[in-house]
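Listing of target-v3.cif; format and content: mmCIF, C-alpha atoms.
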data_query
loop_
_atom_site.label_atom_id
_atom_site.label_comp_id
_atom_site.auth_asym_id
_atom_site.auth_seq_id
_atom_site.Cartn_x
_atom_site.Cartn_y
_atom_site.Cartn_z
CA MET A 42 158.42 67.72 87.45
CA LYS A 43 155.15 68.51 89.24
CA LEU A 44 155.60 72.21 88.46
CA LEU A 45 156.09 71.43 84.78
CA LYS A 46 152.95 69.27 84.70
CA LYS A 47 150.96 71.97 86.50
CA LYS A 48 152.20 74.60 84.07
CA ALA A 49 151.32 72.40 81.11
CA THR A 50 147.82 71.88 82.49
CA LEU A 51 147.33 75.64 82.94
CA ASP A 52 148.62 76.35 79.44
CA LYS A 53 146.22 73.76 78.06
CA LYS A 54 143.26 75.30 79.90
CA THR A 55 144.24 78.79 78.72
CA THR A 56 144.55 77.61 75.13
CA SER A 57 141.22 75.82 75.36
CA PHE A 58 139.54 78.95 76.74
CA GLU A 59 141.02 81.12 73.97
CA GLU A 60 139.87 78.65 71.31
CA GLU A 61 136.35 78.64 72.74
CA TYR A 62 136.38 82.45 72.77
CA TYR A 63 137.43 82.77 69.13
CA ILE A 64 135.01 80.14 67.81
CA ALA A 65 132.06 81.25 69.99
CA SER A 66 129.05 82.77 68.26
CA GLN A 67 127.90 86.35 68.85
CA TRP A 68 125.10 85.17 71.13
CA GLN A 69 127.48 83.01 73.20
CA LEU A 70 129.81 85.95 73.69
CA MET A 71 126.91 88.18 74.67
CA TRP A 72 125.71 85.64 77.25
CA ARG A 73 129.18 85.32 78.76
CA LYS A 74 129.44 89.05 79.22
CA PHE A 75 125.86 89.42 80.40
CA LYS A 76 126.44 86.87 83.18
CA LYS A 77 129.05 89.19 84.69
CA HIS A 78 126.46 91.96 85.17
CA LYS A 79 125.06 91.04 88.60
CA LEU A 80 122.46 93.81 88.70
CA ALA A 81 121.03 92.66 85.37
CA LEU A 82 120.81 89.05 86.57
CA GLY A 83 119.11 90.17 89.77
CA SER A 84 116.71 92.30 87.72
CA ILE A 85 115.71 89.25 85.67
CA ALA A 86 114.82 87.40 88.89
CA VAL A 87 112.74 90.38 90.11
CA LEU A 88 110.90 90.70 86.79
CA VAL A 89 110.21 86.96 86.65
CA ILE A 90 108.63 87.13 90.12
CA LEU A 91 106.54 90.18 89.18
CA TYR A 92 105.32 88.70 85.91
CA LEU A 93 104.55 85.31 87.47
CA GLY A 94 102.60 87.12 90.17
CA GLY A 95 100.62 88.95 87.49
CA ILE A 96 99.99 85.83 85.40
CA PHE A 97 98.80 83.79 88.40
CA CYS A 98 97.29 86.71 90.34
CA GLU A 99 94.13 84.80 91.29
CA PHE A 100 96.29 82.15 92.97
CA VAL A 101 98.81 84.54 94.58
CA ALA A 102 96.24 86.98 96.00
CA PRO A 103 94.62 85.86 99.28
CA TYR A 104 91.37 87.67 98.36
CA GLY A 105 89.44 88.49 95.22
CA LEU A 106 89.81 91.78 93.39
CA GLU A 107 86.52 93.19 94.69
CA THR A 108 86.24 91.29 97.98
CA ARG A 109 85.24 93.78 100.67
CA GLN A 110 85.80 93.57 104.41
CA ILE A 111 83.44 96.33 105.54
CA LYS A 112 84.60 96.04 109.15
CA TYR A 113 88.20 96.85 108.16
CA THR A 114 88.06 99.95 105.94
CA TYR A 115 91.40 101.78 105.85
CA ALA A 116 93.02 99.10 108.02
CA PRO A 117 96.82 99.52 108.20
CA PRO A 118 99.24 96.78 107.07
CA GLN A 119 99.49 93.84 109.46
CA ARG A 120 102.81 92.69 110.85
CA ILE A 121 103.92 89.09 110.41
CA HIS A 122 105.20 87.56 113.65
CA PHE A 123 107.51 84.69 114.50
CA PHE A 124 107.69 85.38 118.25
CA ASP A 125 105.01 85.58 120.92
CA GLU A 126 105.01 85.32 124.73
CA LYS A 127 105.95 81.62 124.42
CA GLY A 128 108.98 82.28 122.21
CA PHE A 129 109.89 81.47 118.60
CA HIS A 130 107.48 79.76 116.18
CA ILE A 131 108.51 78.14 112.93
CA HIS A 132 105.21 79.03 111.28
CA PRO A 133 104.58 82.78 110.82
CA PHE A 134 101.33 84.18 112.15
CA VAL A 135 99.31 87.39 112.46
CA TYR A 136 97.26 88.63 115.37
CA GLY A 137 93.61 89.54 115.15
CA ILE A 138 92.55 93.15 114.61
CA LYS A 139 90.77 95.31 117.19
CA ARG A 140 88.92 98.41 116.10
CA ARG A 141 87.75 101.41 118.09
CA ILE A 142 86.45 104.87 117.23
CA ASP A 143 88.26 107.99 118.45
CA LEU A 144 85.46 110.06 119.97
CA GLU A 145 87.26 113.34 119.26
CA THR A 146 88.23 112.82 115.61
CA LEU A 147 85.71 110.03 114.80
CA GLN A 148 88.51 108.13 113.10
CA LYS A 149 88.88 104.36 113.20
CA ILE A 150 91.89 103.19 115.19
CA TYR A 151 93.13 99.66 114.68
CA SER A 152 95.40 97.65 117.00
CA GLU A 153 96.54 94.05 117.40
CA ASP A 154 94.34 91.69 119.40
CA LYS A 155 96.93 89.42 120.98
CA THR A 156 94.25 87.12 122.36
CA LYS A 157 93.66 85.89 118.79
CA LYS A 158 96.43 84.37 116.74
CA TYR A 159 96.09 83.13 113.16
CA PRO A 160 98.90 81.04 111.60
CA ILE A 161 99.68 81.77 107.95
CA HIS A 162 99.13 78.69 105.81
CA PHE A 163 100.53 78.18 102.33
CA PHE A 164 98.61 76.55 99.48
CA THR A 165 95.46 76.84 101.54
CA HIS A 166 91.79 76.79 100.61
CA GLY A 167 90.02 80.14 100.43
CA GLU A 168 87.69 82.11 98.19
CA LYS A 169 86.61 80.40 95.01
CA TYR A 170 87.80 81.88 91.72
CA LYS A 171 88.37 81.02 88.08
CA MET A 172 92.01 80.91 87.02
CA TRP A 173 92.24 82.97 83.81
CA ASN A 174 88.43 82.87 83.86
CA LEU A 175 88.62 79.22 82.78
CA PHE A 176 89.42 76.82 85.64
CA PRO A 177 87.39 76.88 88.90
CA MET A 178 89.76 76.74 91.91
CA ASP A 179 89.92 77.73 95.57
CA ILE A 180 93.62 77.20 96.35
CA HIS A 181 95.56 80.35 97.29
CA PHE A 182 99.31 80.76 97.75
CA PHE A 183 98.83 81.88 101.36
CA GLY A 184 96.07 82.80 103.74
CA VAL A 185 94.63 82.30 107.21
CA LYS A 186 91.83 80.08 108.43
CA GLU A 187 88.24 81.24 108.52
CA GLY A 188 87.62 83.80 111.23
CA GLY A 189 90.89 85.66 110.66
CA VAL A 190 92.05 88.18 108.08
CA ILE A 191 95.43 88.99 106.61
CA PHE A 192 96.17 92.42 105.13
CA LEU A 193 99.89 92.55 104.34
CA LEU A 194 99.59 96.00 102.74
CA GLY A 195 96.45 97.26 104.45
CA THR A 196 93.02 97.96 102.95
CA ASP A 197 91.40 100.78 100.99
CA ARG A 198 88.28 102.85 101.63
CA MET A 199 86.01 99.90 100.82
CA GLY A 200 87.92 97.37 102.91
CA ARG A 201 89.54 95.70 99.90
CA ASP A 202 92.94 94.09 100.44
CA MET A 203 95.65 96.28 98.87
CA PHE A 204 98.09 93.39 98.33
CA SER A 205 95.48 91.45 96.34
CA ARG A 206 94.58 94.50 94.26
CA ILE A 207 98.24 95.29 93.54
CA VAL A 208 98.83 91.70 92.38
CA TYR A 209 95.77 91.87 90.13
CA GLY A 210 96.90 95.29 88.86
CA ALA A 211 100.31 93.85 87.94
CA ARG A 212 98.68 91.75 85.22
CA ILE A 213 97.41 94.88 83.42
CA SER A 214 100.31 97.26 84.10
CA LEU A 215 103.04 94.79 83.17
CA SER A 216 101.29 93.35 80.13
CA ILE A 217 100.48 96.77 78.69
CA GLY A 218 104.22 97.47 78.59
CA LEU A 219 104.96 94.31 76.62
CA VAL A 220 102.03 94.70 74.22
CA GLY A 221 102.75 98.41 73.68
CA VAL A 222 106.45 97.84 73.01
CA PHE A 223 105.65 94.99 70.61
CA LEU A 224 103.37 97.27 68.58
CA SER A 225 105.97 100.06 68.66
CA LEU A 226 108.62 97.58 67.54
CA VAL A 227 106.57 96.40 64.58
CA ILE A 228 105.73 99.95 63.48
CA GLY A 229 109.26 101.28 64.09
CA LEU A 230 111.04 98.45 62.28
CA THR A 231 108.63 98.53 59.33
CA LEU A 232 108.57 102.27 58.70
CA GLY A 233 112.21 102.81 59.70
CA GLY A 234 113.31 99.97 57.44
CA ILE A 235 111.32 101.30 54.48
CA SER A 236 112.58 104.84 55.04
CA GLY A 237 116.25 103.89 55.33
CA TYR A 238 116.33 101.32 52.55
CA LEU A 239 114.27 103.04 49.85
CA GLY A 240 115.30 106.64 50.58
CA GLY A 241 114.18 109.39 48.21
CA VAL A 242 110.64 110.75 48.44
CA THR A 243 109.51 107.91 50.72
CA ASP A 244 112.26 108.71 53.22
CA THR A 245 111.45 112.43 53.12
CA ILE A 246 107.72 111.90 53.76
CA LEU A 247 108.24 109.43 56.60
CA GLN A 248 110.83 111.64 58.29
CA ARG A 249 108.54 114.66 58.14
CA VAL A 250 105.75 112.60 59.73
CA ILE A 251 108.12 111.51 62.49
CA GLU A 252 109.24 115.08 63.10
CA ILE A 253 105.63 116.26 63.38
CA LEU A 254 104.80 113.52 65.90
CA ARG A 255 107.93 114.23 67.94
CA SER A 256 107.17 117.97 68.01
CA PHE A 257 103.99 117.47 70.07
CA PRO A 258 104.37 117.69 73.86
CA THR A 259 103.99 114.11 75.10
CA ILE A 260 101.59 114.56 78.03
CA PRO A 261 99.08 116.86 76.24
CA LEU A 262 99.09 114.54 73.23
CA TRP A 263 98.43 111.53 75.46
CA LEU A 264 95.63 113.42 77.18
CA ALA A 265 94.02 114.37 73.86
CA LEU A 266 94.19 110.83 72.46
CA SER A 267 92.95 109.31 75.73
CA ALA A 268 90.02 111.72 75.83
CA ALA A 269 89.06 110.43 72.38
CA VAL A 270 88.41 106.95 73.84
CA PRO A 271 84.60 106.68 74.20
CA PRO A 272 83.59 106.29 77.87
CA GLN A 273 80.99 103.63 76.97
CA TRP A 274 83.63 101.24 75.63
CA PRO A 275 83.93 97.91 77.47
CA PRO A 276 87.04 97.45 79.68
CA LEU A 277 88.88 95.16 77.23
CA ARG A 278 88.49 97.63 74.37
CA VAL A 279 89.67 100.49 76.58
CA TYR A 280 92.74 98.43 77.51
CA PHE A 281 93.72 97.92 73.88
CA GLY A 282 92.85 101.52 73.07
CA ILE A 283 95.30 102.82 75.68
CA THR A 284 97.93 100.36 74.43
CA VAL A 285 97.56 101.63 70.86
CA ILE A 286 97.77 105.23 72.10
CA LEU A 287 101.05 104.54 73.90
CA SER A 288 102.42 102.67 70.87
CA PHE A 289 101.40 105.54 68.57
CA ILE A 290 103.96 107.75 70.31
CA GLY A 291 106.70 105.25 71.10
CA TRP A 292 107.72 104.06 67.64
CA THR A 293 109.32 107.26 66.30
CA GLY A 294 112.66 106.99 68.12
CA LEU A 295 113.22 103.38 67.05
CA ALA A 296 112.25 104.19 63.45
CA ARG A 297 114.89 106.92 63.25
CA VAL A 298 117.62 104.67 64.62
CA VAL A 299 116.66 101.85 62.22
CA ARG A 300 116.72 104.33 59.33
CA GLY A 301 120.21 105.51 60.26
CA LYS A 302 121.52 101.95 60.55
CA LEU A 303 120.07 100.95 57.19
CA LEU A 304 121.48 104.03 55.47
CA ALA A 305 124.92 102.90 56.63
CA LEU A 306 124.46 99.25 55.69
CA ARG A 307 122.52 99.35 52.42
CA GLU A 308 125.66 100.09 50.35
CA GLU A 309 127.64 97.17 51.80
CA ASP A 310 128.85 94.38 49.51
CA PHE A 311 126.59 91.69 51.02
CA VAL A 312 123.52 93.84 50.21
CA MET A 313 124.66 94.26 46.60
CA ALA A 314 125.24 90.50 46.40
CA ALA A 315 121.71 89.86 47.67
CA LYS A 316 120.30 92.22 45.04
CA ILE A 317 122.26 90.52 42.27
CA ALA A 318 121.00 87.13 43.54
CA GLY A 319 117.46 88.37 42.96
CA CYS A 320 116.34 88.85 46.57
CA LYS A 321 113.30 91.03 47.12
CA ASP A 322 113.64 94.26 49.07
CA THR A 323 111.55 92.93 51.96
CA ARG A 324 113.83 89.86 52.25
CA ILE A 325 116.98 91.99 52.14
CA ILE A 326 115.67 94.20 54.94
CA GLY A 327 114.32 91.35 57.08
CA ARG A 328 117.01 88.70 56.58
CA HIS A 329 120.20 90.67 55.91
CA LEU A 330 119.97 94.20 57.30
CA LEU A 331 117.88 94.07 60.49
CA PRO A 332 119.77 91.10 62.05
CA GLY A 333 122.94 93.20 61.76
CA PHE A 334 121.85 95.34 64.69
CA LEU A 335 119.46 92.94 66.44
CA SER A 336 121.27 93.43 69.74
CA TYR A 337 120.45 97.14 69.66
CA ILE A 338 116.78 96.38 68.95
CA ILE A 339 116.62 94.07 71.99
CA VAL A 340 118.17 96.75 74.22
CA SER A 341 115.82 99.39 72.84
CA MET A 342 112.80 97.22 73.57
CA THR A 343 113.96 96.58 77.14
CA LEU A 344 114.44 100.28 77.83
CA SER A 345 111.11 101.22 76.21
CA ILE A 346 108.93 99.00 78.41
CA PRO A 347 109.34 101.22 81.53
CA GLY A 348 108.20 104.22 79.47
CA MET A 349 105.04 102.37 78.47
CA ILE A 350 104.33 101.36 82.07
CA LEU A 351 104.88 104.91 83.31
CA GLY A 352 102.70 106.26 80.52
CA GLU A 353 99.77 104.01 81.47
CA THR A 354 100.26 104.81 85.16
CA SER A 355 100.27 108.56 84.47
CA LEU A 356 97.16 108.46 82.28
CA SER A 357 95.22 106.27 84.72
CA PHE A 358 96.31 108.43 87.67
CA LEU A 359 94.93 111.50 85.88
CA GLY A 360 91.66 109.68 85.19
CA LEU A 361 92.16 109.58 81.40
CA GLY A 362 93.59 106.10 81.07
CA LEU A 363 92.17 102.83 82.29
CA ARG A 364 89.09 103.06 84.46
CA PRO A 365 87.37 100.72 86.95
CA PRO A 366 86.44 97.89 86.84
CA ILE A 367 89.85 97.43 85.17
CA THR A 368 92.51 97.55 87.88
CA SER A 369 96.07 98.66 87.20
CA TRP A 370 98.71 100.31 89.35
CA GLY A 371 97.70 103.67 87.90
CA VAL A 372 94.03 103.07 88.74
CA LEU A 373 95.03 102.16 92.32
CA LEU A 374 97.08 105.34 92.64
CA LYS A 375 94.11 107.42 91.53
CA GLU A 376 92.61 106.76 94.97
CA ALA A 377 95.66 108.43 96.53
CA GLN A 378 95.16 111.78 94.79
CA ASN A 379 93.73 113.35 97.95
CA VAL A 380 96.55 114.72 100.12
CA ARG A 381 94.52 114.25 103.29
CA THR A 382 93.88 110.61 102.43
CA VAL A 383 97.59 109.99 101.82
CA ALA A 384 98.53 111.72 105.09
CA LEU A 385 96.15 109.53 107.09
CA HIS A 386 96.54 106.31 105.08
CA PRO A 387 100.03 106.32 103.48
CA TRP A 388 99.85 102.64 102.48
CA LEU A 389 97.60 103.66 99.58
CA MET A 390 100.81 104.90 97.89
CA ILE A 391 102.41 101.44 97.97
CA PRO A 392 101.67 100.79 94.25
CA VAL A 393 104.30 103.50 93.57
CA VAL A 394 106.92 101.18 95.10
CA PHE A 395 106.04 98.42 92.64
CA VAL A 396 106.21 100.86 89.71
CA ILE A 397 109.65 102.06 90.85
CA ILE A 398 110.95 98.50 91.32
CA THR A 399 109.72 97.47 87.87
CA VAL A 400 111.20 100.51 86.12
CA LEU A 401 114.56 100.09 87.87
CA ALA A 402 114.64 96.37 87.06
CA PHE A 403 114.04 97.04 83.36
CA ASN A 404 116.66 99.80 83.34
CA PHE A 405 119.28 97.57 85.00
CA LEU A 406 118.40 94.78 82.56
CA GLY A 407 118.78 97.22 79.66
CA ASP A 408 122.19 98.32 80.96
CA GLY A 409 123.33 94.71 81.12
CA LEU A 410 122.09 93.97 77.62
CA ARG A 411 123.69 97.16 76.29
CA ASP A 412 127.07 96.13 77.73
CA ALA A 413 126.68 92.59 76.44
CA ALA A 414 125.66 93.79 72.97
CA ASP A 415 129.32 94.59 72.27
CA PRO A 416 131.13 91.61 73.85
CA TYR A 417 134.52 92.53 72.33
CA LYS A 418 134.90 95.65 74.51
#

Could you take the file, read its structure, and then write that structure out as structure tokens?
Amino acid sequence: MKLLKKKATLDKKTTSFEEEYYIASQWQLMWRKFKKHKLALGSIAVLVILYLGGIFCEFVAPYGLETRQIKYTYAPPQRIHFFDEKGFHIHPFVYGIKRRIDLETLQKIYSEDKTKKYPIHFFTHGEKYKMWNLFPMDIHFFGVKEGGVIFLLGTDRMGRDMFSRIVYGARISLSIGLVGVFLSLVIGLTLGGISGYLGGVTDTILQRVIEILRSFPTIPLWLALSAAVPPQWPPLRVYFGITVILSFIGWTGLARVVRGKLLALREEDFVMAAKIAGCKDTRIIGRHLLPGFLSYIIVSMTLSIPGMILGETSLSFLGLGLRPPITSWGVLLKEAQNVRTVALHPWLMIPVVFVIITVLAFNFLGDGLRDAADPYK
């Protein structure tokens, strides 16, 4: 009897699950499949942390963007300790820094001063700043008391904290990817939709323009367009100028895919019904055709963002993209162009790690979305 009841319960659960599966919407099915992609879920967590760090960079960074510690130029990353000669400590701490000059090479050599110990405090008072240039504050996510310093990723040639500068740079590097992809999306959907739906002479002209743009080598074209940005422009205008340059190149691939999709869908019965009902062409494209492959558009956007970030990093590294006082990961890497500097101070290359992590996270997220876009497989 118990076995029969147990079997009936299992059959009921199976039937209920099947019913939910068949009546679920496309988005519900996509979410169910996306949840099974562990790398994609982990990538979302990584990207959320990176973007929150960029949005609240003034709070997260222990020092200001241009705060200089002249005594600690090219100081190596400090180690965080939980143990000392007395044993384990719940609160992490860093030792003080001793500096001496090598009389043979005249290089600065740093070492830990174990006579000075500085506990790391969270949500502590520090340098004053304006959050988003609006709200005066002095609370930082972590820091040490006055008299000590904390350089988790070392310092640069001016004694500026690399961790703080990387966090500030994240705001520019990560946002330029989103803004650039948004502009590319608008241009690609608009021109691709017009080309695929109208066809004829309009399609021919737009496709020839796309072919001409795609025939240019990417890097030389970026260099030429970046060189056209006047050097006297203010930082904000330069930022948007570089974003437009990256978007100018990135829309062609999406436009071609949208054109191909619309060529296949424009002869379907539901499109003819919309025409007979008196719908305008713009409404047919926006409300009936584009939503038919919205999942592909989302995946395409996700996979395009890393290209935008790498493009900005490359241009800034070559000195033709963003320039100081704007700080991005590419601008930070420009200081690591000298091989001798990298050999002696390898922590200046740490921004590369953040670029790699971001690109991988977006790629894993794109893979998860691509798999989830067809939940019936």

Quick one, how far is atom CA of Ser369 of chain A from atom CA of Ser216 of chain A?
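Atom CA of Ser369 of chain A sits 10.3 Å away from atom CA of Ser216 of chain A.
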
Which one of A:Leu361, A:Leu264, A:Ile235, A:Ile161 sits closest to Tyr136 of chain A if you count all atoms listed in the file?
A:Ile161

Considering only C-alpha atoms, can you say which of A:Thr284, A:Ser336, A:Ser341, A:Ser205 comes closest to Glu99 of chain A?
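For Glu99 of chain A, the nearest of the given residues is A:Ser205.
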
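Between atom CA of Ile150 of chain A and atom CA of Phe134 of chain A lies a distance of 21.4 Å.
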
Taking the file as I've supplied it (selection: the PyMOL selection byres ((chain A and resi 92) around 12)), which residues are included? Please answer as a ChimeraX atom specification.
/A:85-91,93-98,101,208-219,395,399

For a quick check of understanding, using all atoms listed in the file, which of A:Glu168, A:Glu376, A:Asp143, A:Glu353 has the smallest distance to Ile283 of chain A?
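Of all the options, A:Glu353 lies closest to Ile283 of chain A.
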
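Minimum atom-to-atom distances from A:Leu277, A:Lys158, A:Val393, A:Tyr104 to Asp125 of chain A were compared using all atoms listed in the file, and the lowest value belongs to A:Lys158.
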
Suppose you want the space between atom CA of Leu106 of chain A and atom CA of Arg206 of chain A; what is it in Å?
5.6 Å

Of the residues A:Val190, A:Val285, A:Leu232, A:Ala102, which is the one nearest to Val270 of chain A, using all atoms listed in the file?
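Smallest distance to Val270 of chain A is found for A:Val285.
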
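Using only C-alpha atoms, the shortest contact distance between Phe164 of chain A and any of A:Val394, A:Met178, A:Leu363, A:Leu147 is found at A:Met178.
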
Give me the residues within 10 Å of Arg120 of chain A as a list of chain:residue names, counting only C-alpha atoms and dropping any in the same chain fewer than 2 places off.
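The neighbour list is A:Pro117, A:Pro118, A:His122, A:Phe123, A:Phe134, A:Val135, A:Tyr136, A:Glu153, A:Ile191, A:Phe192, A:Leu193, A:Leu194.
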
Do you know which residues the PyMOL selection byres ((chain A and resi 407) around 8) returns on this file, as a VMD selection string?
chain A and resid 81 340 to 341 343 to 344 403 to 406 408 to 411

Excluding same-chain residues fewer than 3 positions from Leu374 of chain A, what lies within 6 Å of it counting only C-alpha atoms, as JSON, numbers by chain?
{"A": [358, 371, 377]}

Please save C-alpha atoms of the selected residues as a PDB file, in the coordinates of the input.
ATOM      1  CA  PHE A 358      96.310 108.430  87.670  1.00  0.00           C
ATOM      2  CA  GLY A 371      97.700 103.670  87.900  1.00  0.00           C
ATOM      3  CA  ALA A 377      95.660 108.430  96.530  1.00  0.00           C
TER       4      ALA A 377
END

Just so the selection is clear, what residues does the PyMOL selection byres ((chain A and resi 306) around 12) cover here, as a PDB file with C-alpha atoms, in the coordinates of the input?
ATOM      1  CA  GLY A 234     113.310  99.970  57.440  1.00  0.00           C
ATOM      2  CA  GLY A 237     116.250 103.890  55.330  1.00  0.00           C
ATOM      3  CA  TYR A 238     116.330 101.320  52.550  1.00  0.00           C
ATOM      4  CA  VAL A 299     116.660 101.850  62.220  1.00  0.00           C
ATOM      5  CA  ARG A 300     116.720 104.330  59.330  1.00  0.00           C
ATOM      6  CA  GLY A 301     120.210 105.510  60.260  1.00  0.00           C
ATOM      7  CA  LYS A 302     121.520 101.950  60.550  1.00  0.00           C
ATOM      8  CA  LEU A 303     120.070 100.950  57.190  1.00  0.00           C
ATOM      9  CA  LEU A 304     121.480 104.030  55.470  1.00  0.00           C
ATOM     10  CA  ALA A 305     124.920 102.900  56.630  1.00  0.00           C
ATOM     11  CA  ARG A 307     122.520  99.350  52.420  1.00  0.00           C
ATOM     12  CA  GLU A 308     125.660 100.090  50.350  1.00  0.00           C
ATOM     13  CA  GLU A 309     127.640  97.170  51.800  1.00  0.00           C
ATOM     14  CA  ASP A 310     128.850  94.380  49.510  1.00  0.00           C
ATOM     15  CA  PHE A 311     126.590  91.690  51.020  1.00  0.00           C
ATOM     16  CA  VAL A 312     123.520  93.840  50.210  1.00  0.00           C
ATOM     17  CA  MET A 313     124.660  94.260  46.600  1.00  0.00           C
ATOM     18  CA  ILE A 325     116.980  91.990  52.140  1.00  0.00           C
ATOM     19  CA  ILE A 326     115.670  94.200  54.940  1.00  0.00           C
ATOM     20  CA  HIS A 329     120.200  90.670  55.910  1.00  0.00           C
ATOM     21  CA  LEU A 330     119.970  94.200  57.300  1.00  0.00           C
ATOM     22  CA  LEU A 331     117.880  94.070  60.490  1.00  0.00           C
ATOM     23  CA  PRO A 332     119.770  91.100  62.050  1.00  0.00           C
ATOM     24  CA  GLY A 333     122.940  93.200  61.760  1.00  0.00           C
ATOM     25  CA  PHE A 334     121.850  95.340  64.690  1.00  0.00           C
TER      26      PHE A 334
END

Let me have the centre and edge lengths in Å, one decimal, of the box along x, y and z around every listed atom of segment 155-159 of chain A with 6 Å of margin on each side, as lines of an AutoDock Vina configuration file.
center_x = 95.3
center_y = 86.3
center_z = 117.8
size_x = 15.3
size_y = 18.3
size_z = 21.2

Polymer residues at most 10 Å from Ile391 of chain A, all atoms listed in the file, same-chain spacing of 5 or more positions, as a VMD selection string:
chain A and resid 194 to 195 203 to 204 207 370 373 to 374 377 396

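Using all atoms listed in the file, every residue with an atom at most 9 Å from the point (84.5, 91.8, 104.9) is listed here: Thr108, Arg109, Gln110, Ile111, Lys112, Tyr113, Thr114, Val190, Gly200 and Arg201 of chain A.
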
Shell around Ile228 of chain A at 12 Å using all atoms listed in the file, local window under 3 positions removed, as a PyMOL selection string
chain A and resi 221-225+231-236+247+251+285+288-297+299
